[in-house]
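Dropping model-v3.txt in here (compact mmCIF, C-alpha atoms):
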```txt
# COMPACT_ATOMS: atom_id res chain seq x y z
CA MET A 500 11.00 4.32 -26.08
CA SER A 501 7.52 3.15 -25.08
CA ALA A 502 6.52 2.43 -21.52
CA ALA A 503 5.80 -1.19 -22.41
CA LYS A 504 9.37 -1.77 -23.65
CA THR A 505 11.21 0.29 -21.09
CA ASN A 506 12.81 -1.48 -18.14
CA TYR A 507 12.49 0.71 -15.08
CA TYR A 508 14.82 -1.47 -13.09
CA LEU A 509 15.24 0.90 -10.13
CA ILE A 510 11.47 1.05 -9.68
CA ASP A 511 11.39 -2.74 -9.48
CA VAL A 512 14.25 -2.69 -6.94
CA LEU A 513 12.35 -0.15 -4.84
CA LYS A 514 9.16 -2.20 -5.04
CA LEU A 515 10.93 -5.21 -3.56
CA PHE A 516 12.59 -3.03 -0.91
CA PHE A 517 9.26 -1.50 0.09
CA SER A 518 7.61 -4.93 0.19
CA LEU A 519 10.22 -5.81 2.81
CA CYS A 520 9.40 -2.54 4.57
CA VAL A 521 5.80 -3.76 4.86
CA VAL A 522 7.13 -7.00 6.36
CA ALA A 523 9.15 -4.90 8.82
CA LEU A 524 6.03 -2.94 9.72
CA HIS A 525 3.93 -6.04 10.41
CA THR A 526 6.66 -7.80 12.38
CA ASN A 527 7.23 -4.64 14.50
CA LEU A 528 10.90 -4.53 13.56
CA PHE A 529 13.07 -2.96 16.32
CA LEU A 530 10.19 -2.77 18.82
CA SER A 531 11.79 -5.13 21.34
CA GLU A 532 15.33 -3.87 20.69
CA ALA A 533 15.14 -0.08 20.31
CA GLU A 534 11.76 1.58 20.85
CA THR A 535 12.73 5.02 19.51
CA LEU A 536 14.25 3.52 16.37
CA TYR A 537 11.10 1.41 15.99
CA TRP A 538 8.83 4.46 16.24
CA TYR A 539 10.64 6.54 13.63
CA SER A 540 11.28 3.66 11.22
CA SER A 541 7.64 2.57 11.41
CA HIS A 542 6.35 6.12 10.92
CA VAL A 543 8.87 7.37 8.36
CA ILE A 544 10.66 4.70 6.30
CA TRP A 545 8.11 1.89 6.33
CA ARG A 546 5.21 4.29 5.64
CA ILE A 547 6.67 5.34 2.29
CA ALA A 548 5.90 1.86 0.92
CA VAL A 549 2.16 2.00 0.21
CA PRO A 550 2.15 5.51 -1.31
CA PHE A 551 5.02 4.41 -3.55
CA PHE A 552 3.03 1.34 -4.61
CA PHE A 553 0.03 3.55 -5.43
CA ILE A 554 2.10 6.02 -7.44
CA SER A 555 4.04 3.40 -9.42
CA SER A 556 1.03 1.17 -10.13
CA GLY A 557 -1.13 4.18 -10.96
CA TYR A 558 1.45 5.72 -13.28
CA PHE A 559 1.78 2.65 -15.50
CA PHE A 560 -1.95 1.97 -15.40
CA CYS A 561 -2.69 5.50 -16.59
CA LEU A 562 -0.12 5.20 -19.38
CA LYS A 563 -1.58 1.91 -20.56
CA VAL A 564 -5.15 3.22 -20.59
CA LYS A 565 -4.17 6.34 -22.52
CA ALA A 566 -2.13 4.40 -25.09
CA ALA A 567 -4.63 1.55 -25.61
CA GLU A 568 -6.95 1.24 -28.59
CA ASN A 569 -9.38 -0.48 -26.24
CA PRO A 570 -8.99 1.20 -22.82
CA SER A 571 -11.81 -0.83 -21.25
CA ALA A 572 -9.84 -4.03 -21.98
CA VAL A 573 -6.89 -2.61 -20.01
CA LEU A 574 -9.18 -1.77 -17.10
CA LYS A 575 -10.81 -5.19 -17.17
CA ALA A 576 -7.48 -7.05 -17.29
CA SER A 577 -6.07 -4.96 -14.43
CA ILE A 578 -9.15 -5.47 -12.25
CA ASN A 579 -9.29 -9.21 -12.95
CA ARG A 580 -5.63 -9.65 -12.01
CA LEU A 581 -6.10 -7.82 -8.73
CA LEU A 582 -9.35 -9.63 -7.91
CA ILE A 583 -7.62 -13.00 -8.23
CA LEU A 584 -4.93 -11.85 -5.80
CA LEU A 585 -7.45 -10.43 -3.37
CA LEU A 586 -9.92 -13.32 -3.32
CA PHE A 587 -7.32 -16.08 -3.11
CA TRP A 588 -5.32 -14.50 -0.28
CA LEU A 589 -8.49 -13.58 1.56
CA CYS A 590 -9.33 -17.28 1.62
CA ILE A 591 -5.82 -18.14 2.85
CA THR A 592 -6.09 -15.56 5.64
CA LEU A 593 -9.66 -16.42 6.63
CA PRO A 594 -8.87 -19.30 9.04
CA LEU A 595 -6.50 -17.05 10.99
CA GLU A 596 -9.14 -14.35 11.34
CA ILE A 597 -11.80 -16.86 12.42
CA HIS A 598 -9.41 -18.19 15.07
CA ALA A 599 -8.68 -14.65 16.30
CA LEU A 600 -12.39 -13.89 16.61
CA THR A 601 -13.13 -17.11 18.50
CA LEU A 602 -10.47 -16.10 21.05
CA LYS A 603 -12.52 -12.94 21.62
CA ASN A 604 -15.56 -15.11 22.39
CA TYR A 605 -17.51 -13.86 19.38
CA THR A 606 -20.71 -15.70 18.59
CA MET A 607 -21.05 -17.42 15.22
CA LEU A 608 -23.30 -14.62 13.98
CA GLN A 609 -20.80 -11.98 15.11
CA ILE A 610 -17.97 -13.85 13.39
CA ILE A 611 -19.88 -14.05 10.10
CA PHE A 612 -20.83 -10.36 10.25
CA ASP A 613 -17.27 -9.29 11.09
CA LEU A 614 -15.75 -11.41 8.33
CA MET A 615 -18.19 -10.06 5.75
CA LYS A 616 -17.67 -6.45 6.83
CA ARG A 617 -13.87 -6.68 6.81
CA SER A 618 -13.77 -8.54 3.51
CA VAL A 619 -15.89 -5.93 1.75
CA LEU A 620 -14.66 -2.74 3.42
CA TYR A 621 -11.17 -3.26 4.80
CA PRO A 622 -9.47 -6.64 4.21
CA TRP A 623 -6.93 -7.87 6.72
CA GLY A 624 -3.23 -7.22 6.77
CA ALA A 625 -1.83 -5.94 3.51
CA LEU A 626 -4.86 -6.91 1.41
CA TRP A 627 -6.66 -3.60 2.00
CA TYR A 628 -4.25 -2.02 -0.49
CA ILE A 629 -5.28 -4.40 -3.28
CA LEU A 630 -8.97 -3.60 -2.75
CA ALA A 631 -8.14 0.10 -2.59
CA LEU A 632 -6.23 -0.12 -5.87
CA ILE A 633 -9.19 -1.83 -7.57
CA ILE A 634 -11.55 0.92 -6.43
CA ALA A 635 -9.07 3.65 -7.38
CA TYR A 636 -8.67 2.20 -10.89
CA LEU A 637 -12.43 2.28 -11.35
CA LEU A 638 -12.68 5.84 -10.06
CA ILE A 639 -9.83 7.32 -12.12
CA TYR A 640 -10.77 5.52 -15.35
CA PRO A 641 -13.55 7.93 -16.50
CA PHE A 642 -11.20 10.88 -16.07
CA LEU A 643 -8.48 9.12 -18.08
CA LYS A 644 -10.89 8.49 -20.95
CA LYS A 645 -11.75 12.20 -21.08
CA GLY A 646 -8.14 13.32 -20.76
CA LEU A 647 -8.75 15.15 -17.47
CA TRP A 648 -6.05 15.52 -14.83
CA LYS A 649 -6.72 18.77 -12.95
CA LEU A 650 -10.23 17.84 -11.80
CA PRO A 651 -9.32 14.41 -10.33
CA LEU A 652 -6.28 15.96 -8.65
CA LEU A 653 -8.49 18.59 -7.01
CA LEU A 654 -11.16 16.11 -5.98
CA GLY A 655 -8.54 13.65 -4.75
CA GLY A 656 -6.91 16.35 -2.64
CA PHE A 657 -10.17 17.10 -0.83
CA LEU A 658 -10.80 13.40 -0.28
CA TYR A 659 -7.27 12.92 1.07
CA LEU A 660 -7.85 15.69 3.60
CA PHE A 661 -10.70 13.60 5.00
CA ALA A 662 -8.39 10.57 5.16
CA LEU A 663 -5.86 12.65 7.13
CA VAL A 664 -8.37 13.66 9.81
CA CYS A 665 -9.49 10.03 10.05
CA ASN A 666 -5.89 9.07 10.78
CA SER A 667 -2.85 11.04 11.96
CA TYR A 668 -4.60 14.43 12.02
CA TYR A 669 -7.65 13.42 14.04
CA PHE A 670 -6.61 15.91 16.74
CA VAL A 671 -7.33 18.78 14.34
CA ILE A 672 -11.07 18.09 14.28
CA GLU A 673 -11.53 17.02 17.91
CA ASN A 674 -14.27 18.91 19.75
CA THR A 675 -15.70 20.20 16.49
CA CYS A 676 -18.84 19.29 14.56
CA ILE A 677 -16.65 17.30 12.15
CA GLN A 678 -15.54 14.92 14.90
CA GLY A 679 -18.98 13.32 15.07
CA ILE A 680 -18.95 12.72 11.31
CA VAL A 681 -15.48 11.19 11.41
CA ASP A 682 -16.31 8.98 14.41
CA ARG A 683 -19.49 7.75 12.77
CA TYR A 684 -17.67 7.06 9.52
CA LEU A 685 -14.93 5.05 11.25
CA ASP A 686 -17.49 3.06 13.22
CA LEU A 687 -19.24 2.08 9.99
CA PHE A 688 -16.37 1.76 7.51
CA LEU A 689 -13.39 0.99 9.80
CA SER A 690 -10.80 3.13 7.99
CA ALA A 691 -10.34 5.91 5.44
CA ARG A 692 -7.35 4.10 3.98
CA ASN A 693 -9.28 2.88 0.97
CA GLY A 694 -9.67 3.47 -2.74
CA LEU A 695 -11.89 6.52 -2.37
CA PHE A 696 -10.10 8.68 0.18
CA LEU A 697 -6.52 7.48 -0.29
CA GLY A 698 -6.07 5.49 -3.50
CA PHE A 699 -7.91 7.94 -5.77
CA PHE A 700 -5.70 10.84 -4.65
CA TYR A 701 -2.49 8.95 -5.31
CA LEU A 702 -3.71 7.71 -8.70
CA ALA A 703 -4.76 11.25 -9.61
CA THR A 704 -1.22 12.31 -8.67
CA ALA A 705 0.20 9.49 -10.78
CA ASN A 706 -1.96 10.62 -13.68
CA TYR A 707 -0.57 14.13 -13.26
CA LEU A 708 2.96 12.70 -13.53
CA THR A 709 2.07 11.24 -16.94
CA VAL A 710 1.27 14.67 -18.36
CA LYS A 711 3.64 17.07 -16.61
CA LYS A 712 7.17 17.84 -17.73
CA PRO A 713 9.51 15.95 -15.38
CA PHE A 714 11.61 17.93 -12.93
CA SER A 715 15.37 17.86 -13.34
CA LYS A 716 17.41 15.33 -11.40
CA HIS A 717 18.76 18.01 -9.08
CA THR A 718 15.27 19.35 -8.40
CA ASN A 719 14.01 15.86 -7.52
CA ILE A 720 16.97 15.24 -5.23
CA LEU A 721 16.29 18.55 -3.48
CA LEU A 722 12.57 17.72 -3.24
CA LEU A 723 13.40 14.29 -1.80
CA CYS A 724 15.70 15.77 0.83
CA ILE A 725 13.21 18.47 1.82
CA GLY A 726 10.34 15.98 1.83
CA THR A 727 12.26 13.49 3.99
CA ALA A 728 13.31 16.18 6.47
CA GLY A 729 9.72 17.41 6.50
CA LEU A 730 8.42 13.90 7.15
CA VAL A 731 10.75 13.39 10.12
CA LEU A 732 9.79 16.80 11.52
CA GLU A 733 6.08 16.24 10.89
CA THR A 734 6.02 12.87 12.65
CA TYR A 735 8.01 14.34 15.55
CA VAL A 736 5.69 17.31 15.98
CA ILE A 737 2.46 15.29 15.97
CA ARG A 738 3.85 12.22 17.72
CA GLU A 739 1.95 12.80 20.95
CA CYS A 740 -1.20 14.15 19.30
CA HIS A 741 -4.40 12.14 19.39
CA TYR A 742 -4.86 10.06 16.24
CA LYS A 743 -7.18 7.39 14.84
CA ASP A 744 -6.58 4.20 12.88
CA ASP A 745 -2.87 3.40 12.46
CA HIS A 746 -1.14 6.82 12.47
CA SER A 747 0.24 6.34 8.94
CA LEU A 748 -0.91 9.28 6.78
CA PHE A 749 1.26 12.38 6.57
CA LEU A 750 1.42 15.44 4.31
CA SER A 751 5.16 15.08 3.67
CA LEU A 752 4.77 11.62 2.16
CA LEU A 753 3.62 13.13 -1.14
CA PRO A 754 6.83 15.00 -2.11
CA VAL A 755 8.90 12.05 -0.91
CA VAL A 756 7.18 9.44 -3.07
CA ILE A 757 6.88 11.73 -6.11
CA SER A 758 10.57 12.66 -6.13
CA LEU A 759 11.66 9.10 -5.35
CA PHE A 760 9.52 7.70 -8.15
CA GLU A 761 10.69 10.34 -10.64
CA LEU A 762 14.34 9.70 -9.79
CA ALA A 763 13.91 5.95 -10.19
CA LYS A 764 11.96 6.40 -13.43
CA SER A 765 14.66 8.60 -14.93
CA LYS A 766 17.17 5.75 -14.79
CA VAL A 767 16.51 3.24 -17.56
CA TYR A 768 18.55 0.02 -17.63
CA PRO A 769 18.67 -2.76 -20.21
CA LYS A 770 18.30 -5.25 -17.35
CA ASN A 771 14.79 -6.65 -16.96
CA GLY A 772 13.35 -6.35 -13.46
CA LYS A 773 10.40 -8.69 -13.97
CA LEU A 774 11.64 -11.19 -11.37
CA LEU A 775 12.11 -8.46 -8.76
CA ARG A 776 8.72 -7.01 -9.60
CA ASN A 777 7.01 -10.37 -9.21
CA LEU A 778 8.95 -11.13 -6.03
CA SER A 779 7.74 -7.86 -4.54
CA ILE A 780 4.12 -8.86 -5.20
CA GLY A 781 4.77 -12.34 -3.84
CA VAL A 782 6.36 -11.07 -0.64
CA TYR A 783 3.56 -8.54 -0.19
CA VAL A 784 0.73 -11.10 -0.33
CA LEU A 785 2.62 -13.94 1.35
CA HIS A 786 4.14 -12.34 4.43
CA ARG A 787 0.98 -11.90 6.50
CA PRO A 788 -0.18 -15.52 6.08
CA VAL A 789 3.40 -16.66 6.79
CA LEU A 790 3.53 -14.55 9.95
CA GLY A 791 0.01 -15.56 10.98
CA TYR A 792 0.55 -19.29 10.64
CA LEU A 793 3.99 -19.15 12.31
CA ASN A 794 2.30 -17.48 15.27
CA TYR A 795 -0.61 -19.92 15.19
CA PHE A 796 1.58 -23.03 15.32
CA PHE A 797 4.67 -21.77 17.16
CA SER A 798 3.70 -18.46 18.88
CA LEU A 799 6.83 -17.09 17.25
CA SER A 800 6.18 -13.40 17.99
CA LYS A 801 6.11 -14.16 21.72
CA ARG A 802 9.23 -16.34 21.71
CA ILE A 803 11.80 -14.34 19.75
CA GLY A 804 12.78 -10.71 19.21
CA SER A 805 11.51 -8.55 16.39
CA ILE A 806 14.75 -8.66 14.37
CA PRO A 807 14.94 -12.48 14.06
CA LEU A 808 11.17 -12.55 13.50
CA PHE A 809 11.51 -10.12 10.59
CA MET A 810 14.39 -12.14 9.11
CA ILE A 811 12.48 -15.43 9.33
CA VAL A 812 9.25 -14.06 7.84
CA ALA A 813 11.12 -12.18 5.10
CA PHE A 814 13.23 -15.21 4.19
CA ILE A 815 10.30 -17.62 4.04
CA SER A 816 8.21 -15.12 2.04
CA ILE A 817 10.99 -14.49 -0.49
CA LEU A 818 11.72 -18.21 -0.81
CA LEU A 819 8.07 -19.13 -1.35
CA ALA A 820 7.57 -16.26 -3.79
CA TYR A 821 10.65 -17.34 -5.77
CA LEU A 822 9.63 -20.99 -5.88
CA LEU A 823 6.11 -20.11 -6.98
CA GLN A 824 7.56 -17.83 -9.66
CA LYS A 825 9.58 -20.73 -11.04
CA ASN A 826 6.50 -22.92 -11.26
CA GLU A 827 5.36 -23.30 -14.85
CA ASN A 828 1.67 -23.59 -13.98
CA PRO A 829 0.06 -20.34 -15.23
CA TYR A 830 -2.76 -20.56 -12.68
CA ILE A 831 -0.32 -20.67 -9.79
CA LYS A 832 1.65 -17.74 -11.18
CA ARG A 833 -1.51 -15.64 -11.33
CA LEU A 834 -1.81 -15.97 -7.56
CA ILE A 835 1.38 -14.00 -6.90
CA THR A 836 1.82 -11.69 -9.92
```

Can the structure in the file be given as structure tokens, please?
Amino acid sequence: MSAAKTNYYLIDVLKLFFSLCVVALHTNLFLSEAETLYWYSSHVIWRIAVPFFFISSGYFFCLKVKAAENPSAVLKASINRLLILLLFWLCITLPLEIHALTLKNYTMLQIIFDLMKRSVLYPWGALWYILALIIAYLLIYPFLKKGLWKLPLLLGGFLYLFALVCNSYYFVIENTCIQGIVDRYLDLFLSARNGLFLGFFYLATANYLTVKKPFSKHTNILLLCIGTAGLVLETYVIRECHYKDDHSLFLSLLPVVISLFELAKSKVYPKNGKLLRNLSIGVYVLHRPVLGYLNYFFSLSKRIGSIPLFMIVAFISILLAYLLQKNENPYIKRLIT
């Protein structure tokens, strides 16, 4: 059964679930109700989302490129689709960012410079992932054409190590000669969560999954359990350590997302998950503008707790995504799929 005709329904279910995890992350779910629960959910469960998106998107992209008679057409179509999402939602988010910068008393020149820098290097909210995926596609493509998987995996691993020390493992390089390099890099480029240091590694891993013999179900379940326990322990151990950026990158995430993806991929259903898949994309790109404009007009984050805030943002995002999906205009559909 070809990848194009197979319905990986559980993967589509997980994509929608993890899109809601991203909503939970950005609405600070549980922060005002249970701080400890908030910390572990935001550092363990919610953080699985983006690596899972990278692995799943990368896996099917690699399969398509390898199976295509014209691989460059696959790359071009994939990049064009992501660029439409990125550019449109950047424009939707732009007024919110301009307003936030004016509250900081930025001059017009500072506002323009900041907007240009963020747009090119690290787009706001959840949009950084889309830019990172575009860059990662471009970086992995030459290796796919040559049938290489070991070299990109090795290179990606070294690059990911740099991402780790620019994030949760900053304390490892403090007071060393590397600290100056990392500090300078973060000053210039804002974050290492991008297509080079993060996305390329996960796509190289996804490419590896297209060529390796899958583990058995029991092995993946064991790997998932060990990885999850390791993730909880890892976040606990380094909780008080000095970090940079958003404290989101951990070593144990890799076995968790690999085993979870493999388990979901092993279950093939006749049911088509296209609606769920498109809803997950819609929720992902919609939730930050929804949250931003609700706060702009109603200061909602300051007036209600994190649980009702999450429910309101999630509901509105799902509803809008569903309604836009039902629209027959192909141009509108391209903005959320």

Once you count all atoms listed in the file, what closest atom pair and distance in Å to one decimal does each residue of stretch 624-659 of chain A within 7 Å of stretch 579-592 of chain A have, with rows by chain and rising residue number, as a tab-separated table?
```
residue	atom	partner	partner_atom	distance
A:Leu626	CA	A:Leu585	CA	6.5
A:Ile629	CA	A:Leu585	CA	6.4
A:Ile633	CA	A:Leu581	CA	6.8
```

- Quick one: residues within 9 Å of A:Phe696, only C-alpha atoms counted, chain neighbours fewer than 6 positions away excluded, as a ChimeraX atom specification? /A:655-662

- Which is closest to A:Tyr742 among A:Leu799, A:Leu697, A:Ala763, A:Val681, if we use all atoms listed in the file?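 Selected residue with least distance to A:Tyr742: A:Val681.
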
- Write out as a list in words each polymer residue whose atoms come within 10 Å of A:Ala813, counting all atoms listed in the file; drop sequence neighbours fewer than 3 positions from it. Ser518, Leu519, Cys520, Val521, Val522, Ala523, Thr526, Val782, Tyr783, Leu785, His786, Val789, Leu790, Pro807, Leu808, Phe809, Met810, Ser816, Ile817, Leu818 and Leu819 of chain A

Would you export the selected residues with C-alpha atoms as a short mmCIF file (atom, residue, chain, number, x, y, z; two decimals), in the frame of the given file, please?
```cif
data_model
loop_
_atom_site.label_atom_id
_atom_site.label_comp_id
_atom_site.auth_asym_id
_atom_site.auth_seq_id
_atom_site.Cartn_x
_atom_site.Cartn_y
_atom_site.Cartn_z
CA SER A 518 7.61 -4.93 0.19
CA LEU A 519 10.22 -5.81 2.81
CA CYS A 520 9.40 -2.54 4.57
CA VAL A 521 5.80 -3.76 4.86
CA VAL A 522 7.13 -7.00 6.36
CA ALA A 523 9.15 -4.90 8.82
CA THR A 526 6.66 -7.80 12.38
CA VAL A 782 6.36 -11.07 -0.64
CA TYR A 783 3.56 -8.54 -0.19
CA LEU A 785 2.62 -13.94 1.35
CA HIS A 786 4.14 -12.34 4.43
CA VAL A 789 3.40 -16.66 6.79
CA LEU A 790 3.53 -14.55 9.95
CA PRO A 807 14.94 -12.48 14.06
CA LEU A 808 11.17 -12.55 13.50
CA PHE A 809 11.51 -10.12 10.59
CA MET A 810 14.39 -12.14 9.11
CA SER A 816 8.21 -15.12 2.04
CA ILE A 817 10.99 -14.49 -0.49
CA LEU A 818 11.72 -18.21 -0.81
CA LEU A 819 8.07 -19.13 -1.35
#
```

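Residue nearest A:Leu750, chosen from A:Met607, A:Leu685, A:Val543, A:Ala705 and counting all atoms listed in the file: A:Val543.
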
- Item | Given all atoms listed in the file as the counted atoms, nearest of A:Cys676, A:Ser751, A:Leu762, A:Phe699 to A:Ser715 |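 Distance minimum relative to A:Ser715 lands on A:Leu762.
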
- Message: Show me, as a list in words, the residues that have an atom within 8 Å of stretch 559-562 of chain A when counting all atoms listed in the file, minus same-chain residues fewer than 3 positions from it.
- Response: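 These residues fall inside the cut-off: Ala502, Ser555, Ser556, Lys565, Ala566, Leu643, Ala705, Asn706 and Thr709 of chain A.
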
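Here atom CA of A:Leu647 and atom CA of A:Tyr628 stand 24.6 Å from one another.
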
- Message: Quick check, in Å to one decimal: how far apart do atom CA of A:Leu689 and atom CA of A:Tyr558 lie?
- Response: 27.8 Å

- Message: So, with all atoms listed in the file as the atoms that count, which of A:Tyr795, A:Glu733, A:Val573, A:Phe516 lies closest to A:Ala599?
- Response: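 Looking only at the distances to A:Ala599, the closest residue turns out to be A:Tyr795.
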
- Task: Compare A:Ala533, A:Val664, A:Val549, A:Val619 by their minimum atom-to-atom distance to A:Leu513, counting only C-alpha atoms, and give me the closest one.
- Result: A:Val549
